[in-house]
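Reproduced below: my_file_10.txt, with compact mmCIF, C-alpha atoms.
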# COMPACT_ATOMS: atom_id res chain seq x y z
CA MET A 13 23.42 49.84 48.26
CA THR A 14 20.24 50.05 50.30
CA ASP A 15 17.07 49.05 48.54
CA PRO A 16 14.19 51.26 49.64
CA ARG A 17 11.58 48.62 48.83
CA PHE A 18 12.32 46.30 51.72
CA PRO A 19 14.29 46.27 54.97
CA GLU A 20 17.69 44.61 54.94
CA SER A 21 17.62 43.34 58.50
CA PRO A 22 16.41 39.70 58.40
CA GLY A 23 13.93 40.18 61.23
CA ALA A 24 12.48 43.34 59.72
CA LEU A 25 12.28 41.70 56.29
CA LEU A 26 10.40 38.75 57.76
CA ASP A 27 7.95 41.13 59.47
CA HIS A 28 7.58 42.96 56.16
CA ILE A 29 6.78 39.69 54.37
CA TRP A 30 4.12 38.66 56.89
CA ASN A 31 2.65 42.16 56.89
CA ARG A 32 2.33 42.04 53.11
CA LEU A 33 0.60 38.64 53.31
CA GLU A 34 -1.78 39.79 56.04
CA ALA A 35 -2.66 42.95 54.12
CA ALA A 36 -3.40 40.93 50.97
CA VAL A 37 -6.16 38.84 52.59
CA GLY A 38 -8.68 41.65 52.57
CA GLN A 39 -7.46 43.46 49.47
CA GLY A 40 -8.82 42.00 46.23
CA SER A 41 -6.70 44.33 44.09
CA ASP A 42 -3.42 43.29 45.76
CA PRO A 43 -1.59 40.84 43.47
CA PHE A 44 -0.65 38.86 46.60
CA HIS A 45 -4.40 38.21 47.06
CA THR A 46 -4.28 35.60 44.29
CA PRO A 47 -1.19 33.40 44.61
CA CYS A 48 -0.45 30.28 42.64
CA LEU A 49 -0.72 27.06 44.67
CA ALA A 50 1.25 24.05 43.39
CA THR A 51 0.52 20.51 44.53
CA GLU A 52 1.58 17.04 43.48
CA ALA A 53 -0.81 14.84 41.50
CA ASP A 54 -0.18 11.24 40.46
CA SER A 55 0.61 12.58 37.00
CA GLY A 56 3.11 15.17 38.26
CA PRO A 57 2.93 18.76 39.45
CA ASP A 58 -0.40 20.56 39.35
CA ALA A 59 -0.96 24.28 39.96
CA ARG A 60 -3.69 26.88 39.93
CA THR A 61 -4.56 30.37 41.15
CA VAL A 62 -6.24 30.50 44.57
CA VAL A 63 -7.45 33.31 46.82
CA LEU A 64 -5.50 34.03 50.00
CA ARG A 65 -8.13 33.88 52.76
CA ARG A 66 -6.29 33.86 56.07
CA VAL A 67 -2.77 34.48 57.36
CA GLU A 68 -1.51 33.56 60.84
CA PRO A 69 2.10 34.72 61.22
CA ALA A 70 2.48 33.19 64.69
CA ARG A 71 1.54 29.77 63.28
CA ARG A 72 3.42 30.42 59.98
CA GLU A 73 0.13 29.51 58.33
CA ILE A 74 -1.59 30.72 55.17
CA CYS A 75 -5.02 29.52 54.01
CA CYS A 76 -7.22 29.34 50.97
CA HIS A 77 -10.66 27.83 50.43
CA THR A 78 -11.68 25.13 48.01
CA ASP A 79 -14.40 22.67 47.08
CA ALA A 80 -14.02 19.22 48.67
CA ARG A 81 -14.70 17.72 45.24
CA SER A 82 -11.79 19.55 43.53
CA ALA A 83 -8.76 17.65 42.25
CA LYS A 84 -6.39 19.47 44.61
CA VAL A 85 -8.14 18.11 47.70
CA GLY A 86 -7.52 14.57 46.51
CA GLU A 87 -3.93 15.44 45.63
CA LEU A 88 -3.28 17.02 49.03
CA ARG A 89 -4.82 14.11 50.92
CA GLY A 90 -2.20 11.85 49.36
CA ARG A 91 0.71 14.28 49.31
CA PRO A 92 0.41 17.25 51.68
CA GLY A 93 3.39 19.21 50.36
CA ALA A 94 2.53 22.53 48.74
CA SER A 95 4.33 25.40 47.09
CA TRP A 96 2.95 28.95 46.84
CA VAL A 97 3.99 31.78 44.55
CA PHE A 98 2.98 35.39 45.19
CA TYR A 99 4.01 37.73 42.39
CA ASP A 100 3.63 41.49 42.21
CA ALA A 101 4.70 42.35 38.66
CA GLN A 102 4.44 46.10 39.16
CA ALA A 103 6.57 46.16 42.30
CA GLY A 104 8.91 43.49 40.91
CA VAL A 105 8.54 41.30 43.97
CA GLN A 106 8.07 37.55 44.18
CA LEU A 107 7.49 35.58 47.38
CA ARG A 108 7.61 31.79 47.30
CA GLY A 109 6.55 29.63 50.21
CA ARG A 110 6.86 25.90 50.81
CA GLY A 111 5.07 23.93 53.48
CA THR A 112 2.76 21.18 54.56
CA VAL A 113 -0.99 21.34 54.25
CA THR A 114 -3.83 20.31 56.55
CA LEU A 115 -7.40 20.10 55.26
CA HIS A 116 -10.23 21.45 57.43
CA SER A 117 -13.88 20.74 56.76
CA SER A 118 -15.58 20.19 60.12
CA ASP A 119 -13.45 21.88 62.78
CA SER A 120 -13.62 25.38 64.24
CA LEU A 121 -11.26 26.81 61.60
CA ALA A 122 -13.55 25.60 58.80
CA GLN A 123 -16.63 26.92 60.58
CA GLU A 124 -15.03 30.30 61.28
CA GLN A 125 -13.95 30.69 57.66
CA TRP A 126 -17.36 29.59 56.35
CA GLU A 127 -19.11 32.15 58.54
CA ALA A 128 -16.79 34.86 57.25
CA THR A 129 -17.66 33.93 53.64
CA GLY A 130 -20.36 35.98 51.90
CA PRO A 131 -23.19 34.56 49.76
CA SER A 132 -21.50 35.39 46.45
CA SER A 133 -18.35 33.50 47.47
CA ARG A 134 -20.43 30.60 48.79
CA ARG A 135 -22.11 30.21 45.42
CA CYS A 136 -19.28 28.17 43.89
CA TYR A 137 -19.74 25.44 46.53
CA LEU A 138 -23.25 24.83 45.20
CA SER A 139 -22.39 23.40 41.78
CA GLU A 140 -24.12 20.13 41.10
CA GLY A 141 -21.22 17.97 39.91
CA GLY A 142 -18.31 19.72 41.58
CA PRO A 143 -15.27 21.29 39.91
CA GLY A 144 -14.21 19.44 36.78
CA ALA A 145 -17.51 17.62 36.23
CA GLY A 146 -18.53 17.48 32.58
CA LEU A 147 -21.19 19.81 31.17
CA PRO A 148 -23.09 19.52 27.88
CA ALA A 149 -22.43 23.20 27.05
CA PRO A 150 -20.59 26.20 28.55
CA GLY A 151 -22.07 26.70 32.00
CA SER A 152 -21.53 27.29 35.66
CA GLY A 153 -22.73 23.87 36.81
CA LEU A 154 -25.00 25.62 39.29
CA PRO A 155 -28.64 24.71 39.83
CA ALA A 156 -30.76 26.58 37.24
CA ALA A 157 -32.27 28.85 39.92
CA LEU A 158 -28.81 30.15 40.87
CA GLU A 159 -27.40 30.45 37.36
CA GLU A 160 -27.86 34.22 37.21
CA ARG A 161 -28.01 35.35 40.83
CA VAL A 162 -26.34 35.16 44.24
CA PRO A 163 -27.85 32.57 46.61
CA THR A 164 -29.71 33.71 49.70
CA ALA A 165 -28.16 32.84 53.06
CA GLY A 166 -30.53 29.88 53.28
CA GLU A 167 -29.78 28.70 49.76
CA SER A 168 -26.04 28.80 50.48
CA ILE A 169 -26.25 26.31 53.37
CA PRO A 170 -25.81 23.12 51.27
CA GLY A 171 -22.47 24.56 50.12
CA ARG A 172 -21.11 24.10 53.64
CA GLY A 173 -20.72 20.37 52.99
CA ASN A 174 -18.40 21.06 50.05
CA PHE A 175 -16.35 23.73 51.80
CA VAL A 176 -12.75 22.98 52.74
CA VAL A 177 -10.03 25.20 54.17
CA ILE A 178 -6.52 24.43 52.95
CA ALA A 179 -4.13 25.57 55.68
CA CYS A 180 -0.43 25.47 54.91
CA ARG A 181 2.22 25.77 57.59
CA LEU A 182 5.24 27.29 55.89
CA GLU A 183 8.72 25.81 56.32
CA ALA A 184 10.53 27.89 53.71
CA LEU A 185 10.21 31.40 52.27
CA ASP A 186 12.05 32.80 49.26
CA TRP A 187 11.84 36.58 48.70
CA LEU A 188 12.98 38.08 45.41
CA ALA A 189 13.07 41.79 44.60
CA LEU A 190 13.71 42.50 40.91
CA ASP A 191 15.69 45.60 40.03
CA SER A 192 17.53 46.66 36.91
CA ARG A 193 20.47 47.61 39.17
CA GLY A 194 20.67 43.97 40.32
CA HIS A 195 18.09 41.73 41.94
CA ARG A 196 18.05 40.86 45.65
CA ARG A 197 16.97 37.55 47.14
CA ALA A 198 16.58 36.23 50.67
CA ARG A 199 15.78 32.73 51.89
CA PHE A 200 14.25 31.81 55.23
CA LEU A 201 14.13 28.19 56.45
CA TRP A 202 12.26 27.10 59.56
CA ARG A 203 14.74 25.11 61.65
CA ASP A 204 14.61 24.13 65.32
CA GLY A 205 11.85 26.57 66.09
CA ALA A 206 13.26 29.65 64.38
CA TRP A 207 13.68 31.16 60.95
CA ASP A 208 17.16 30.68 59.57
CA HIS A 209 18.00 33.51 57.16
CA ALA A 210 20.39 33.78 54.23
CA TRP A 211 21.01 36.20 51.38
CA ILE A 212 21.33 34.20 48.18
CA THR A 213 22.07 34.79 44.53
CA PRO A 214 18.90 35.80 42.64
CA MET B 23 -25.79 33.03 27.33
CA THR B 24 -22.93 33.98 25.04
CA ASP B 25 -19.81 35.26 26.72
CA PRO B 26 -18.22 38.01 24.64
CA ARG B 27 -14.75 37.37 26.08
CA PHE B 28 -14.03 34.14 24.27
CA PRO B 29 -15.44 32.05 21.43
CA GLU B 30 -17.64 29.13 22.36
CA SER B 31 -16.67 26.87 19.46
CA PRO B 32 -13.91 24.56 20.72
CA GLY B 33 -11.71 25.10 17.69
CA ALA B 34 -12.06 28.86 17.87
CA LEU B 35 -11.41 28.84 21.62
CA LEU B 36 -8.25 26.82 21.10
CA ASP B 37 -7.07 29.30 18.46
CA HIS B 38 -7.90 32.11 20.87
CA ILE B 39 -5.80 30.46 23.62
CA TRP B 40 -2.77 29.99 21.37
CA ASN B 41 -3.13 33.52 20.01
CA ARG B 42 -3.13 34.90 23.55
CA LEU B 43 0.00 32.90 24.39
CA GLU B 44 1.80 33.98 21.22
CA ALA B 45 0.91 37.63 21.86
CA ALA B 46 2.24 37.45 25.42
CA VAL B 47 5.78 36.47 24.38
CA GLY B 48 6.67 39.95 23.19
CA GLN B 49 4.46 41.93 25.55
CA GLY B 50 6.04 42.53 28.97
CA SER B 51 2.89 44.16 30.34
CA ASP B 52 0.66 41.20 29.44
CA PRO B 53 0.01 39.14 32.60
CA PHE B 54 0.39 36.01 30.46
CA HIS B 55 4.03 37.10 29.91
CA THR B 56 4.92 35.90 33.44
CA PRO B 57 3.26 32.55 34.19
CA CYS B 58 3.90 30.36 37.18
CA LEU B 59 5.84 27.16 36.40
CA ALA B 60 5.41 24.24 38.82
CA THR B 61 7.83 21.32 38.93
CA GLU B 62 8.45 18.38 41.23
CA ALA B 63 11.38 18.41 43.62
CA ASP B 64 12.43 15.57 45.91
CA SER B 65 10.79 17.48 48.73
CA GLY B 66 7.49 17.99 46.88
CA PRO B 67 6.07 20.56 44.49
CA ASP B 68 8.12 23.60 43.66
CA ALA B 69 6.92 26.67 41.74
CA ARG B 70 8.10 30.08 40.60
CA THR B 71 7.33 32.87 38.16
CA VAL B 72 9.04 32.57 34.77
CA VAL B 73 9.00 34.63 31.58
CA LEU B 74 7.25 33.19 28.54
CA ARG B 75 9.87 33.34 25.80
CA ARG B 76 8.56 31.29 22.88
CA VAL B 77 5.29 29.69 21.79
CA GLU B 78 4.94 27.13 19.00
CA PRO B 79 1.27 26.24 18.56
CA ALA B 80 1.97 23.61 15.87
CA ARG B 81 4.27 21.78 18.29
CA ARG B 82 2.03 22.56 21.33
CA GLU B 83 5.18 23.97 22.87
CA ILE B 84 5.84 26.85 25.25
CA CYS B 85 9.30 27.89 26.44
CA CYS B 86 11.04 29.86 29.14
CA HIS B 87 14.72 30.44 29.86
CA THR B 88 16.66 29.57 32.97
CA ASP B 89 20.11 29.19 34.45
CA ALA B 90 21.55 25.66 34.21
CA ARG B 91 22.54 25.98 37.89
CA SER B 92 18.97 26.69 39.09
CA ALA B 93 17.10 24.16 41.21
CA LYS B 94 14.38 23.71 38.62
CA VAL B 95 16.83 22.35 36.04
CA GLY B 96 17.84 19.60 38.44
CA GLU B 97 14.21 18.92 39.28
CA LEU B 98 13.20 18.71 35.62
CA ARG B 99 16.11 16.41 34.74
CA GLY B 100 14.72 13.89 37.22
CA ARG B 101 11.00 14.52 36.70
CA PRO B 102 10.12 16.22 33.41
CA GLY B 103 6.44 16.88 34.22
CA ALA B 104 5.49 20.54 34.48
CA SER B 105 2.40 22.59 35.16
CA TRP B 106 1.93 26.21 34.03
CA VAL B 107 -0.53 28.81 35.28
CA PHE B 108 -1.29 31.99 33.34
CA TYR B 109 -3.54 34.38 35.21
CA ASP B 110 -5.00 37.66 34.03
CA ALA B 111 -6.68 39.10 37.13
CA GLN B 112 -8.15 42.08 35.32
CA ALA B 113 -9.78 40.03 32.57
CA GLY B 114 -10.70 37.25 35.01
CA VAL B 115 -9.06 34.58 32.89
CA GLN B 116 -6.85 31.69 33.97
CA LEU B 117 -5.13 29.25 31.63
CA ARG B 118 -3.49 26.16 33.04
CA GLY B 119 -1.26 23.87 30.99
CA ARG B 120 0.28 20.50 31.78
CA GLY B 121 3.02 18.83 29.80
CA THR B 122 6.46 17.30 29.56
CA VAL B 123 9.64 19.30 29.43
CA THR B 124 12.82 18.99 27.41
CA LEU B 125 15.94 20.95 28.36
CA HIS B 126 17.99 22.62 25.62
CA SER B 127 21.45 23.99 26.16
CA SER B 128 23.51 23.18 23.07
CA ASP B 129 21.08 22.61 20.19
CA SER B 130 19.72 25.01 17.58
CA LEU B 131 16.73 25.98 19.75
CA ALA B 132 19.05 27.06 22.57
CA GLN B 133 21.30 28.95 20.17
CA GLU B 134 18.36 30.70 18.49
CA GLN B 135 16.91 31.79 21.81
CA TRP B 136 20.29 32.93 23.11
CA GLU B 137 20.82 35.05 20.01
CA ALA B 138 17.40 36.62 20.49
CA THR B 139 18.26 37.54 24.08
CA GLY B 140 19.52 41.08 24.74
CA PRO B 141 22.46 42.02 26.99
CA SER B 142 20.28 43.04 29.94
CA SER B 143 18.53 39.67 29.93
CA ARG B 144 21.84 37.86 29.52
CA ARG B 145 23.16 39.51 32.66
CA CYS B 146 21.50 37.05 35.05
CA TYR B 147 23.44 34.14 33.52
CA LEU B 148 26.69 35.76 34.62
CA SER B 149 26.28 35.38 38.39
CA GLU B 150 29.29 33.78 40.03
CA GLY B 151 27.68 31.09 42.15
CA GLY B 152 24.44 30.56 40.25
CA PRO B 153 20.89 31.00 41.53
CA GLY B 154 20.52 30.11 45.20
CA ALA B 155 24.23 30.34 46.04
CA GLY B 156 24.87 32.02 49.39
CA LEU B 157 25.98 35.64 49.64
CA PRO B 158 27.51 37.46 52.63
CA ALA B 159 25.10 40.41 52.19
CA PRO B 160 22.20 41.45 49.92
CA GLY B 161 23.57 41.36 46.38
CA SER B 162 23.14 40.29 42.81
CA GLY B 163 25.90 37.66 42.84
CA LEU B 164 27.30 39.29 39.69
CA PRO B 165 30.99 40.07 39.20
CA ALA B 166 31.70 43.49 40.74
CA ALA B 167 32.22 45.10 37.32
CA LEU B 168 28.66 44.21 36.31
CA GLU B 169 26.95 45.01 39.58
CA GLU B 170 25.58 48.31 38.35
CA ARG B 171 25.51 48.04 34.57
CA VAL B 172 24.43 45.91 31.63
CA PRO B 173 27.19 43.70 30.19
CA THR B 174 28.56 44.41 26.74
CA ALA B 175 27.90 41.81 24.06
CA GLY B 176 31.41 40.44 24.67
CA GLU B 177 31.01 40.36 28.43
CA SER B 178 27.73 38.44 28.07
CA ILE B 179 29.34 35.50 26.24
CA PRO B 180 30.27 33.46 29.34
CA GLY B 181 26.57 33.45 30.22
CA ARG B 182 25.91 31.20 27.23
CA GLY B 183 27.26 28.22 29.15
CA ASN B 184 24.66 28.72 31.88
CA PHE B 185 21.75 29.32 29.50
CA VAL B 186 19.04 26.68 29.21
CA VAL B 187 15.75 26.70 27.33
CA ILE B 188 12.92 24.85 29.08
CA ALA B 189 10.53 23.71 26.34
CA CYS B 190 7.28 22.15 27.43
CA ARG B 191 5.04 20.21 25.08
CA LEU B 192 1.53 20.61 26.42
CA GLU B 193 -0.79 17.64 26.84
CA ALA B 194 -3.62 19.37 28.71
CA LEU B 195 -5.10 22.86 28.79
CA ASP B 196 -7.65 24.20 31.25
CA TRP B 197 -9.30 27.55 30.43
CA LEU B 198 -11.32 29.37 33.08
CA ALA B 199 -13.22 32.62 32.56
CA LEU B 200 -14.45 34.20 35.79
CA ASP B 201 -17.75 36.08 35.71
CA SER B 202 -20.15 37.18 38.42
CA ARG B 203 -22.95 35.77 36.25
CA GLY B 204 -21.31 32.31 36.46
CA HIS B 205 -17.84 31.17 35.50
CA ARG B 206 -17.05 29.18 32.35
CA ARG B 207 -14.40 26.47 32.02
CA ALA B 208 -13.12 24.34 29.16
CA ARG B 209 -10.66 21.46 29.18
CA PHE B 210 -8.58 20.26 26.25
CA LEU B 211 -6.65 16.98 26.38
CA TRP B 212 -4.22 15.88 23.67
CA ARG B 213 -5.27 12.36 22.65
CA ASP B 214 -4.39 10.34 19.58
CA GLY B 215 -3.01 13.34 17.75
CA ALA B 216 -5.87 15.76 18.39
CA TRP B 217 -7.25 18.02 21.10
CA ASP B 218 -10.22 16.47 22.85
CA HIS B 219 -12.50 19.20 24.19
CA ALA B 220 -14.99 19.32 27.04
CA TRP B 221 -16.91 22.00 28.90
CA ILE B 222 -16.55 21.35 32.63
CA THR B 223 -17.83 22.76 35.90
CA PRO B 224 -15.69 25.73 36.98

Kindly return the structure encoded in the file as C-alpha cells.
Amino acid sequence: MTDPRFPESPGALLDHIWNRLEAAVGQGSDPFHTPCLATEADSGPDARTVVLRRVEPARREICCHTDARSAKVGELRGRPGASWVFYDAQAGVQLRGRGTVTLHSSDSLAQEQWEATGPSSRRCYLSEGGPGAGLPAPGSGLPAALEERVPTAGESIPGRGNFVVIACRLEALDWLALDSRGHRRARFLWRDGAWDHAWITP
Amino acid sequence: MTDPRFPESPGALLDHIWNRLEAAVGQGSDPFHTPCLATEADSGPDARTVVLRRVEPARREICCHTDARSAKVGELRGRPGASWVFYDAQAGVQLRGRGTVTLHSSDSLAQEQWEATGPSSRRCYLSEGGPGAGLPAPGSGLPAALEERVPTAGESIPGRGNFVVIACRLEALDWLALDSRGHRRARFLWRDGAWDHAWITP
C-alpha cells in the first residue's frame, strides 16, 4: 500500500521532512511553525510552544528565539538536550526531533536573526522583569509607553541584549503519519555522519 | 484593560481552565484534545503528542492512554515527572501543566477507561512488536487480518494487556493568552492544599 502523503524511499522522505520544516519557517499558519520544545529542568521535564525561526538542513539544525531571562535558557545551559514535536492535526502528521542545543547571543547567527526580526516580534524582549517575573495585575510587563503599541526601531534596540537564538542540531527524527487504514512511522538516527533509517511500528 | 477571552479573577480563571480541559476530552477538533506530553528519558527530554482522555478537576488529574510497550512508559516508571502543553493557535492560548504521573494497567481506572474505548482506538494496542519495534517495510505492525479493518470487540481483547492509563496529578499550571495589544500570563502553583495564583510577565 503506497501512502500518497509522503514518499516511501528513505532519502525522499528525509528531503520531504526538511522541506516541510523549511517551508514552515515563513508560514505562520503552518502548524509546523509552532512546535513544542521540551527541555530538562531541575524539577523534571519542561515544555512550551515556540516559533520555528530558522532551518538549516545541511547542518541538521533548527532554531527558535527566546529571552535570555526565560527559564528554558537556564535549563539548556545546564542540560543541552532538547526534544521537539511538530504536529499537524489536519494532515495527521507528527514529526519529533531530538538533539543538542547551542545558545547564541553575541555571534553572527544571533545578529543575523535579530536583524531579520521585525519591531513587533522584538517587543517581547523589552519587558522589564523578563518572562516569569511577577506582576501586580494582568499585564504585559512592558514599559508603559509600549503597552499598547509596537516599538520603533530605535526603541527596540535594548531588546537585543535579551535576545537569544536556540539552535538545535538534530540527532534523531521520528515521522508518524496517522491513517485509519493503519499508521506509518519512520525513524532516522544520525550515526557516523549519515542518517540511518528504519520503518518502525507506530 | 479587560481581556474578553478569559476571566481576570484567579478563581474564575482556574474554573475556566478546567472547563476548557474537560470540554476537550470529548471534542476531537479541539486543539486541547491533543496536547504535547514531555517526559524524561535517560538520554534527555522526550516529547510527543497524546490524546487527552480524562480530566478530573477535583483530583487535579489529567489522563492519556498509551501502550505498555512504548518508550514513555519505561521513562515514566523511572522518572514520574511530566510536563504538558496545550496550544490553541487560533485562539492564541497556551496552557502548560507540570505534575507527577501514576501508571494504571490493572486497577479500576484502567478498566473504566478501557471499557470506554471503542474498537478503532483499541486497534493500536494490538500491534505485534509494540510501538517502536522494527518493520521490514512501511506498515502498521498489526496482525495481517487487522491491517485494513477495525477489530471486532472480541478481537480487541488481547489489546487490554498492553493498555495503560497515564494519570498526571498537576502541581503547576501556566496560562498564556497571546494578544497583539500585549500578552497576559497567569501561574498557579499547588501549595498546602490550595492553588496559589500570580500574574507574571509573558

Would you write out, as a Markdown table, a table of all residues in chain B that have an atom no more than 6 Å from an atom of chain A, listing for each the closest atom pair and the distance in Å to one decimal, considering all atoms listed in the file and ordering rows by chain and rising residue number?
| residue | atom | partner | partner_atom | distance |
| --- | --- | --- | --- | --- |
| B:Thr61 | CA | A:Pro57 | CA | 5.6 |
| B:Glu62 | CA | A:Pro57 | CA | 5.8 |
| B:Gly66 | CA | A:Gly93 | CA | 5.5 |
| B:Pro67 | CA | A:Thr51 | CA | 5.6 |
| B:Asp68 | CA | A:Ser95 | CA | 5.4 |
| B:Arg70 | CA | A:Val97 | CA | 5.9 |
| B:Gly103 | CA | A:Gly56 | CA | 5.5 |
| B:Ala104 | CA | A:Pro57 | CA | 5.9 |
| B:Ser105 | CA | A:Asp58 | CA | 5.4 |
| B:Val107 | CA | A:Arg60 | CA | 5.9 |
| B:Pro153 | CA | A:Thr213 | CA | 5.0 |
| B:Gly154 | CA | A:Thr213 | CA | 5.0 |
| B:Ala155 | CA | A:Thr213 | CA | 5.2 |
| B:Gly156 | CA | A:Ile212 | CA | 4.3 |
| B:Leu157 | CA | A:Ile212 | CA | 5.1 |
| B:Ala159 | CA | A:Trp211 | CA | 5.9 |
| B:Pro160 | CA | A:Trp211 | CA | 5.6 |
| B:Gly161 | CA | A:Arg196 | CA | 5.6 |
| B:Ser162 | CA | A:Gly194 | CA | 5.1 |
| B:Gly163 | CA | A:Thr213 | CA | 5.1 |
| B:Glu170 | CA | A:Arg193 | CA | 5.2 |
| B:Arg203 | CA | A:Glu160 | CA | 5.2 |
| B:Gly204 | CA | A:Ser152 | CA | 5.1 |
| B:His205 | CA | A:Ser152 | CA | 5.4 |
| B:Arg206 | CA | A:Gly151 | CA | 5.6 |
| B:Trp221 | CA | A:Leu147 | CA | 5.3 |
| B:Ile222 | CA | A:Gly146 | CA | 4.3 |
| B:Thr223 | CA | A:Pro143 | CA | 5.0 |
| B:Pro224 | CA | A:Pro143 | CA | 5.3 |

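Near Gly140 in chain B, within 12 Å and counting all atoms listed in the file, sit Gln135, Trp136, Glu137, Ala138, Ser142, Ser143, Arg144, Arg145, Cys146, Tyr147, Val172, Pro173, Thr174, Ala175, Gly176, Ser178, Ile179 and Gly181 of chain B, not including residues fewer than 2 positions from it in the same chain.
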
- Item | d(CA of Ala93 in chain B, CA of Val187 in chain B) in Å | 14.2 Å

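The neighbours of Val186 in chain B here are the residues that come within 7 Å of it, using all atoms listed in the file and leaving out any residue fewer than 5 positions away in the same chain; they are B:His87, B:Thr88, B:Asp89, B:Ala90, B:Leu125, B:His126, B:Ser127, B:Ala132.
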
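Here CA of Ile178 in chain A and CA of Val123 in chain B stand 29.0 Å from one another.
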
- Item | Distance criterion (only C-alpha atoms): nearest to Arg181 in chain A out of A:Ala157, A:Leu138, A:Cys75, A:Val85 | A:Cys75

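For the pair CA of Thr124 in chain B and CA of Ala216 in chain B, the separation is 21.0 Å.
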
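Within the 10 Å cut-off around Pro79 in chain B, using only C-alpha atoms and omitting residues fewer than 6 positions from it on the same chain, the listed residues are Leu36, Asp37, Ile39, Trp40, Asn41, Leu43, Glu44, Arg191 and Leu192 of chain B.
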
Enclose range 111-122 of chain B, meaning all of its atoms listed in the file, in a box aligned along x, y and z, pad it by 5 Å on each side, and list the centre and edge lengths in Å to one decimal, as lines of an AutoDock Vina configuration file.
center_x = -2.1
center_y = 29.7
center_z = 33.3
size_x = 27.2
size_y = 34.8
size_z = 17.6
